[in-house]
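Shown next: work-v2.pdb, containing PDB, C-alpha atoms.
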```pdb
ATOM      1  CA  MET O  10      35.473  38.822   2.458
ATOM      2  CA  ALA O  11      36.289  35.516   4.177
ATOM      3  CA  ALA O  12      32.748  35.316   5.624
ATOM      4  CA  ALA O  13      31.262  35.865   2.172
ATOM      5  CA  LEU O  14      33.481  33.150   0.732
ATOM      6  CA  LEU O  15      32.511  30.704   3.484
ATOM      7  CA  SER O  16      28.819  31.395   3.035
ATOM      8  CA  THR O  17      29.061  30.633  -0.666
ATOM      9  CA  LEU O  18      30.968  27.399  -0.022
ATOM     10  CA  SER O  19      28.727  25.989   2.693
ATOM     11  CA  PRO O  20      25.930  24.688   0.468
ATOM     12  CA  SER O  21      28.297  22.703  -1.729
ATOM     13  CA  CYS O  22      30.173  21.336   1.285
ATOM     14  CA  GLY O  23      26.842  20.225   2.778
ATOM     15  CA  LYS O  24      25.869  18.575  -0.464
ATOM     16  CA  THR O  25      29.221  16.813  -0.678
ATOM     17  CA  GLU O  26      28.807  15.576   2.902
ATOM     18  CA  THR O  27      25.317  14.257   2.124
ATOM     19  CA  GLU O  28      26.524  12.586  -1.078
ATOM     20  CA  ASN O  29      29.412  11.010   0.870
ATOM     21  CA  THR O  30      26.889   9.738   3.425
ATOM     22  CA  TYR O  31      24.756   8.186   0.665
ATOM     23  CA  SER O  32      27.869   6.638  -0.896
ATOM     24  CA  GLN O  33      28.813   4.995   2.415
ATOM     25  CA  GLN O  34      25.209   3.837   2.873
ATOM     26  CA  ASP O  35      25.304   2.259  -0.600
ATOM     27  CA  LYS O  36      28.489   0.372   0.372
ATOM     28  CA  ASN O  37      26.789  -0.900   3.546
ATOM     29  CA  ILE O  38      23.746  -1.931   1.502
ATOM     30  CA  GLU O  39      25.928  -3.864  -0.948
ATOM     31  CA  SER O  40      27.560  -5.728   1.965
ATOM     32  CA  ILE O  41      24.131  -6.650   3.309
ATOM     33  CA  VAL O  42      22.973  -7.749  -0.161
ATOM     34  CA  SER O  43      26.047  -9.984  -0.458
ATOM     35  CA  SER O  44      25.282 -11.603   2.894
ATOM     36  CA  LEU O  45      21.584 -12.130   2.039
ATOM     37  CA  ALA O  46      22.281 -13.541  -1.427
ATOM     38  CA  PRO O  47      25.608 -15.367  -1.297
ATOM     39  CA  GLU O  48      26.854 -16.965  -4.485
ATOM     40  CA  GLY O  49      25.155 -20.300  -5.001
ATOM     41  CA  SER O  50      22.033 -19.399  -3.000
ATOM     42  CA  GLU O  51      18.552 -19.342  -4.496
ATOM     43  CA  ALA O  52      18.089 -15.688  -3.487
ATOM     44  CA  THR O  53      17.471 -13.199  -6.286
ATOM     45  CA  VAL O  54      18.677  -9.597  -6.363
ATOM     46  CA  GLU O  55      16.959  -6.812  -8.308
ATOM     47  CA  TYR O  56      18.163  -3.215  -8.594
ATOM     48  CA  LEU O  57      15.123  -0.960  -8.946
ATOM     49  CA  ASP O  58      16.044   2.690  -9.547
ATOM     50  CA  GLY O  59      17.448   3.439  -6.098
ATOM     51  CA  SER O  60      16.121   0.397  -4.233
ATOM     52  CA  VAL O  61      17.489  -3.128  -4.049
ATOM     53  CA  ARG O  62      15.175  -6.085  -3.502
ATOM     54  CA  VAL O  63      16.643  -9.364  -2.312
ATOM     55  CA  THR O  64      14.106 -12.179  -2.425
ATOM     56  CA  VAL O  65      15.255 -15.005  -0.154
ATOM     57  CA  LYS O  66      12.101 -17.123  -0.486
ATOM     58  CA  GLN O  67      10.157 -17.156  -3.737
ATOM     59  CA  GLY O  68       6.379 -16.945  -3.645
ATOM     60  CA  ASP O  69       3.963 -17.709  -6.425
ATOM     61  CA  GLY O  70       1.189 -16.070  -8.354
ATOM     62  CA  GLY O  71       1.125 -12.749 -10.126
ATOM     63  CA  ALA O  72       3.572  -9.968  -9.415
ATOM     64  CA  LEU O  73       2.317  -6.793  -7.709
ATOM     65  CA  ASP O  74       1.744  -3.992 -10.199
ATOM     66  CA  ALA O  75       2.109  -0.262  -9.538
ATOM     67  CA  ASN O  76      -1.593   0.143  -8.639
ATOM     68  CA  GLY O  77      -2.177  -3.126  -6.813
ATOM     69  CA  CYS O  78      -2.767  -4.000  -3.163
ATOM     70  CA  VAL O  79      -0.263  -5.891  -1.054
ATOM     71  CA  SER O  80      -0.519  -7.383   2.436
ATOM     72  CA  PHE O  81       2.581  -8.117   4.471
ATOM     73  CA  TYR O  82       4.357  -8.394   7.781
ATOM     74  CA  TYR O  83       7.527  -6.337   8.094
ATOM     75  CA  ALA O  84      10.529  -5.412  10.183
ATOM     76  CA  GLY O  85      12.126  -2.032   9.486
ATOM     77  CA  HIS O  86      15.848  -1.559  10.118
ATOM     78  CA  MET O  87      18.174   1.411   9.957
ATOM     79  CA  VAL O  88      21.207   0.573   7.855
ATOM     80  CA  ASN O  89      24.094   2.025   9.844
ATOM     81  CA  SER O  90      26.629  -0.748   9.288
ATOM     82  CA  SER O  91      27.242  -3.620   6.910
ATOM     83  CA  SER O  92      24.781  -5.941   8.673
ATOM     84  CA  LEU O  93      21.220  -5.990   9.993
ATOM     85  CA  SER O  94      20.468  -6.847  13.613
ATOM     86  CA  SER O  95      17.757  -6.468  16.215
ATOM     87  CA  GLY O  96      19.743  -3.500  17.533
ATOM     88  CA  ASN O  97      18.977  -1.420  14.452
ATOM     89  CA  MET O  98      15.325  -2.482  14.079
ATOM     90  CA  PHE O  99      12.949   0.447  14.534
ATOM     91  CA  ALA O 100       9.540  -1.121  13.826
ATOM     92  CA  THR O 101       7.806  -4.423  13.190
ATOM     93  CA  ASN O 102       4.307  -5.842  12.997
ATOM     94  CA  ASN O 103       5.546  -9.444  13.172
ATOM     95  CA  LYS O 104       5.042 -10.709  16.730
ATOM     96  CA  GLU O 105       7.292 -13.761  16.430
ATOM     97  CA  PHE O 106      10.082 -11.673  14.908
ATOM     98  CA  ALA O 107       9.705  -9.048  17.642
ATOM     99  CA  GLU O 108       9.935 -11.704  20.364
ATOM    100  CA  SER O 109      12.946 -13.405  18.765
ATOM    101  CA  SER O 110      14.631  -9.979  18.564
ATOM    102  CA  GLY O 111      14.179  -9.416  22.297
ATOM    103  CA  TRP O 112      11.447  -6.812  22.027
ATOM    104  CA  THR O 113       8.904  -6.566  24.827
ATOM    105  CA  VAL O 114       5.559  -7.648  23.401
ATOM    106  CA  SER O 115       2.834  -6.282  25.645
ATOM    107  CA  ASP O 116       0.369  -4.709  23.179
ATOM    108  CA  THR O 117      -0.405  -7.561  20.792
ATOM    109  CA  THR O 118      -2.894  -5.413  18.818
ATOM    110  CA  LEU O 119       0.120  -3.891  17.029
ATOM    111  CA  PHE O 120       0.959  -7.227  15.450
ATOM    112  CA  LYS O 121      -1.360  -7.581  12.487
ATOM    113  CA  VAL O 122      -0.774  -7.749   8.767
ATOM    114  CA  SER O 123      -0.432  -4.395   6.955
ATOM    115  CA  THR O 124      -2.327  -3.880   3.717
ATOM    116  CA  VAL O 125      -1.314  -1.131   1.311
ATOM    117  CA  ASP O 126      -3.146   0.031  -1.819
ATOM    118  CA  LEU O 127      -0.388   1.431  -4.032
ATOM    119  CA  SER O 128      -2.896   3.474  -6.044
ATOM    120  CA  ARG O 129      -3.748   5.650  -3.028
ATOM    121  CA  ASP O 130      -1.598   4.906   0.044
ATOM    122  CA  LYS O 131       1.727   6.660   0.572
ATOM    123  CA  LEU O 132       4.888   4.672   1.147
ATOM    124  CA  VAL O 133       8.468   5.789   1.603
ATOM    125  CA  LYS O 134       9.856   6.281  -1.923
ATOM    126  CA  GLY O 135      12.451   3.486  -1.648
ATOM    127  CA  LEU O 136       9.920   0.999  -0.303
ATOM    128  CA  LYS O 137       7.423   1.811  -3.056
ATOM    129  CA  LYS O 138      10.088   1.354  -5.751
ATOM    130  CA  GLY O 139      11.125  -1.969  -4.246
ATOM    131  CA  ILE O 140       7.754  -3.506  -3.465
ATOM    132  CA  VAL O 141       6.319  -3.390  -6.988
ATOM    133  CA  GLY O 142       6.869  -6.861  -8.422
ATOM    134  CA  VAL O 143       6.634  -8.924  -5.211
ATOM    135  CA  LYS O 144       4.466 -12.052  -5.176
ATOM    136  CA  GLY O 145       2.319 -13.612  -2.476
ATOM    137  CA  GLY O 146       4.502 -15.870  -0.345
ATOM    138  CA  ASP O 147       7.724 -13.943  -1.040
ATOM    139  CA  GLU O 148      10.117 -13.224   1.800
ATOM    140  CA  CYS O 149      12.304 -10.347   0.771
ATOM    141  CA  TYR O 150      14.390  -7.398   1.866
ATOM    142  CA  ILE O 151      14.083  -3.958   0.313
ATOM    143  CA  LEU O 152      17.069  -1.690   0.971
ATOM    144  CA  PHE O 153      17.751   1.918  -0.016
ATOM    145  CA  ASN O 154      19.891   4.857   1.006
ATOM    146  CA  GLY O 155      18.679   7.969   2.816
ATOM    147  CA  LYS O 156      17.850   9.736  -0.443
ATOM    148  CA  TYR O 157      14.830   7.413  -0.805
ATOM    149  CA  GLY O 158      13.863   7.215   2.892
ATOM    150  CA  PHE O 159      12.144   9.578   5.302
ATOM    151  CA  GLY O 160      14.076  12.630   4.109
ATOM    152  CA  LYS O 161      16.201  14.975   6.158
ATOM    153  CA  HIS O 162      13.878  15.091   9.168
ATOM    154  CA  LYS O 163      13.880  12.658  12.066
ATOM    155  CA  THR O 164      10.890  10.283  12.010
ATOM    156  CA  GLY O 165      10.232   8.535  15.321
ATOM    157  CA  THR O 166      13.558   7.020  16.352
ATOM    158  CA  VAL O 167      14.969   7.173  12.797
ATOM    159  CA  PRO O 168      17.436  10.038  12.194
ATOM    160  CA  GLY O 169      17.079  12.103   9.025
ATOM    161  CA  ASN O 170      18.716  10.786   5.832
ATOM    162  CA  SER O 171      18.945   7.248   7.243
ATOM    163  CA  ALA O 172      19.389   4.304   4.935
ATOM    164  CA  LEU O 173      16.635   1.753   5.542
ATOM    165  CA  ALA O 174      15.994  -1.940   5.050
ATOM    166  CA  TYR O 175      12.584  -3.549   5.231
ATOM    167  CA  HIS O 176      12.331  -7.298   5.786
ATOM    168  CA  LEU O 177       8.959  -8.283   4.295
ATOM    169  CA  TRP O 178       6.853 -11.406   4.480
ATOM    170  CA  ILE O 179       4.269 -10.983   1.675
ATOM    171  CA  THR O 180       0.961 -12.651   2.473
ATOM    172  CA  ASP O 181      -1.177 -11.514  -0.462
ATOM    173  CA  VAL O 182      -1.029  -9.564  -3.733
ATOM    174  CA  THR O 183      -4.119  -8.314  -5.580
ATOM    175  CA  ASN O 184      -3.956  -6.404  -8.864
ATOM    176  CA  ARG O 185      -6.812  -4.463 -10.398
TER     177      ARG O 185
END
```
Spit out the file's structure as structure tokens when you get a sec.
Amino acid sequence: MAAALLSTLSPSCGKTETENTYSQQDKNIESIVSSLAPEGSEATVEYLDGSVRVTVKQGDGGALDANGCVSFYYAGHMVNSSSLSSGNMFATNNKEFAESSGWTVSDTTLFKVSTVDLSRDKLVKGLKKGIVGVKGGDECYILFNGKYGFGKHKTGTVPGNSALAYHLWITDVTNR
């Protein structure tokens, strides 16, 4: 009887644990947003159905639409505290940023602009929600909890259900 009761409770306990994890991730994200866009700064904050975009440097031109192409440099971070640092960076294609973060830069072919066609290329759900609307020249951060990230499975060095933050330097936006 006790085993049957435990087996029926486990799924809801797991869900509660996951929801608690997402709730803590959202609190960490809000702390990061506050530090990136302090009161009185020119940074803008947009909440985009599960993603938050903080634009710290405004670009110009037209905003990226849902089927457009965007070119950018990036640094991807795991959000496991209330701040971002080189210690939680898991990927970048920005050579200068990699060097300033203490990364060993031996294969320079990895450091080239990424171009994504939103009409056909796949992006992590949170990144796709957050990137629509950027402009060429923007420098922004897109942050989201594990619900909108890589899912429950480990991807490279990123544990499953990890909250993520992408620091983006947008070089070009082209809409169809």
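Closest to O:Thr124 among O:Gln34, O:Ser43, O:Ser91, O:Asn102 is O:Asn102, based on only C-alpha atoms.
Across the structure, atom CA of O:Lys163 and atom CA of O:Leu45 are spaced 27.8 Å apart.
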Using only C-alpha atoms, find all polymer residues with an atom at most 10 Å away from the point (15.1, -16.0, -1.1); report them as a list of chain:residue names. O:Leu45, O:Ala46, O:Ser50, O:Glu51, O:Ala52, O:Thr53, O:Val54, O:Val63, O:Thr64, O:Val65, O:Lys66, O:Gln67, O:Gly68, O:Asp147, O:Glu148, O:Cys149, O:Tyr150
Could you dump the residues just selected with C-alpha atoms as an mmCIF file, in the coordinates of the input?
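Done, and the output landed in part-v2.cif:
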```cif
data_model
loop_
_atom_site.group_PDB
_atom_site.id
_atom_site.type_symbol
_atom_site.label_atom_id
_atom_site.label_comp_id
_atom_site.auth_asym_id
_atom_site.auth_seq_id
_atom_site.Cartn_x
_atom_site.Cartn_y
_atom_site.Cartn_z
ATOM 1 C CA LEU O 45 21.584 -12.130 2.039
ATOM 2 C CA ALA O 46 22.281 -13.541 -1.427
ATOM 3 C CA SER O 50 22.033 -19.399 -3.000
ATOM 4 C CA GLU O 51 18.552 -19.342 -4.496
ATOM 5 C CA ALA O 52 18.089 -15.688 -3.487
ATOM 6 C CA THR O 53 17.471 -13.199 -6.286
ATOM 7 C CA VAL O 54 18.677 -9.597 -6.363
ATOM 8 C CA VAL O 63 16.643 -9.364 -2.312
ATOM 9 C CA THR O 64 14.106 -12.179 -2.425
ATOM 10 C CA VAL O 65 15.255 -15.005 -0.154
ATOM 11 C CA LYS O 66 12.101 -17.123 -0.486
ATOM 12 C CA GLN O 67 10.157 -17.156 -3.737
ATOM 13 C CA GLY O 68 6.379 -16.945 -3.645
ATOM 14 C CA ASP O 147 7.724 -13.943 -1.040
ATOM 15 C CA GLU O 148 10.117 -13.224 1.800
ATOM 16 C CA CYS O 149 12.304 -10.347 0.771
ATOM 17 C CA TYR O 150 14.390 -7.398 1.866
#
```
Exercise for review: Would you mind listing what lies within 10 Å of O:Asn184 as a ChimeraX atom specification, with all atoms listed in the file counted and same-chain residues fewer than 6 positions away left out?
Suggested key: /O:71-79,126-127
One residue among O:Ser60, O:Thr118, O:Ser80, O:Ser110 is nearest to O:Lys144 when using only C-alpha atoms, and that residue is O:Ser80
Practice task
Taking the file above as input, evaluate the PyMOL selection byres ((chain O and resi 89) around 10) and report the hits as a list in words.
Solution key: Gln33, Gln34, Asn37, Ile38, His86, Met87, Val88, Ser90, Ser91, Ser92, Leu93, Asn97, Ser171, Ala172 and Leu173 of chain O
For the point (12.4, -2.1, 9.8) in the file's frame, write as a short mmCIF file (atom, residue, chain, number, x, y, z; two decimals) with C-alpha atoms, in the frame of the given file all residues with an atom no more than 7 Å away, counting only C-alpha atoms.
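Generated file (part.cif):
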```
data_model
loop_
_atom_site.label_atom_id
_atom_site.label_comp_id
_atom_site.auth_asym_id
_atom_site.auth_seq_id
_atom_site.Cartn_x
_atom_site.Cartn_y
_atom_site.Cartn_z
CA TYR O 83 7.53 -6.34 8.09
CA ALA O 84 10.53 -5.41 10.18
CA GLY O 85 12.13 -2.03 9.49
CA HIS O 86 15.85 -1.56 10.12
CA MET O 87 18.17 1.41 9.96
CA MET O 98 15.32 -2.48 14.08
CA PHE O 99 12.95 0.45 14.53
CA ALA O 100 9.54 -1.12 13.83
CA THR O 101 7.81 -4.42 13.19
CA ALA O 174 15.99 -1.94 5.05
CA TYR O 175 12.58 -3.55 5.23
CA HIS O 176 12.33 -7.30 5.79
#
```
TODO: Evaluate the PyMOL selection byres ((chain O and resi 160) around 12) here and jot the selected residues down as a list of chain:residue names.
DONE: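 Answer for the PyMOL selection byres ((chain O and resi 160) around 12): O:Thr27, O:Val133, O:Lys134, O:Gly135, O:Asn154, O:Gly155, O:Lys156, O:Tyr157, O:Gly158, O:Phe159, O:Lys161, O:His162, O:Lys163, O:Thr164, O:Val167, O:Pro168, O:Gly169, O:Asn170, O:Ser171, O:Ala172, O:Leu173.
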One residue among O:Thr180, O:Ile140, O:Ser94, O:Phe153 is nearest to O:Ser32 when using all atoms listed in the file, and that residue is O:Phe153
Open item on the list: Counting only C-alpha atoms, which residue out of O:Trp178, O:Phe120, O:Phe106, O:Tyr31 sits closest to O:Gly145?
Closed with: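 When distances to O:Gly145 are compared using only C-alpha atoms, the smallest one comes from O:Trp178.
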Problem - Distance in Å - atom CA of O:Ile41 versus atom CA of O:Gly70 - result: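 Pair atom CA of O:Ile41 / atom CA of O:Gly70 returns 27.4 Å.
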### Query
In Å, with one decimal, what is the gap from atom CA of O:Thr113 to atom CA of O:Gly146?
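About the pair atom CA of O:Thr113 and atom CA of O:Gly146: they are 27.2 Å apart.
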- Task: Would you mind telling me which residue in O:Ser123, O:Val182, O:Asp35, O:Leu132 lies nearest to O:Gly59 when using only C-alpha atoms?
- Result: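 Nearest to O:Gly59: O:Asp35.
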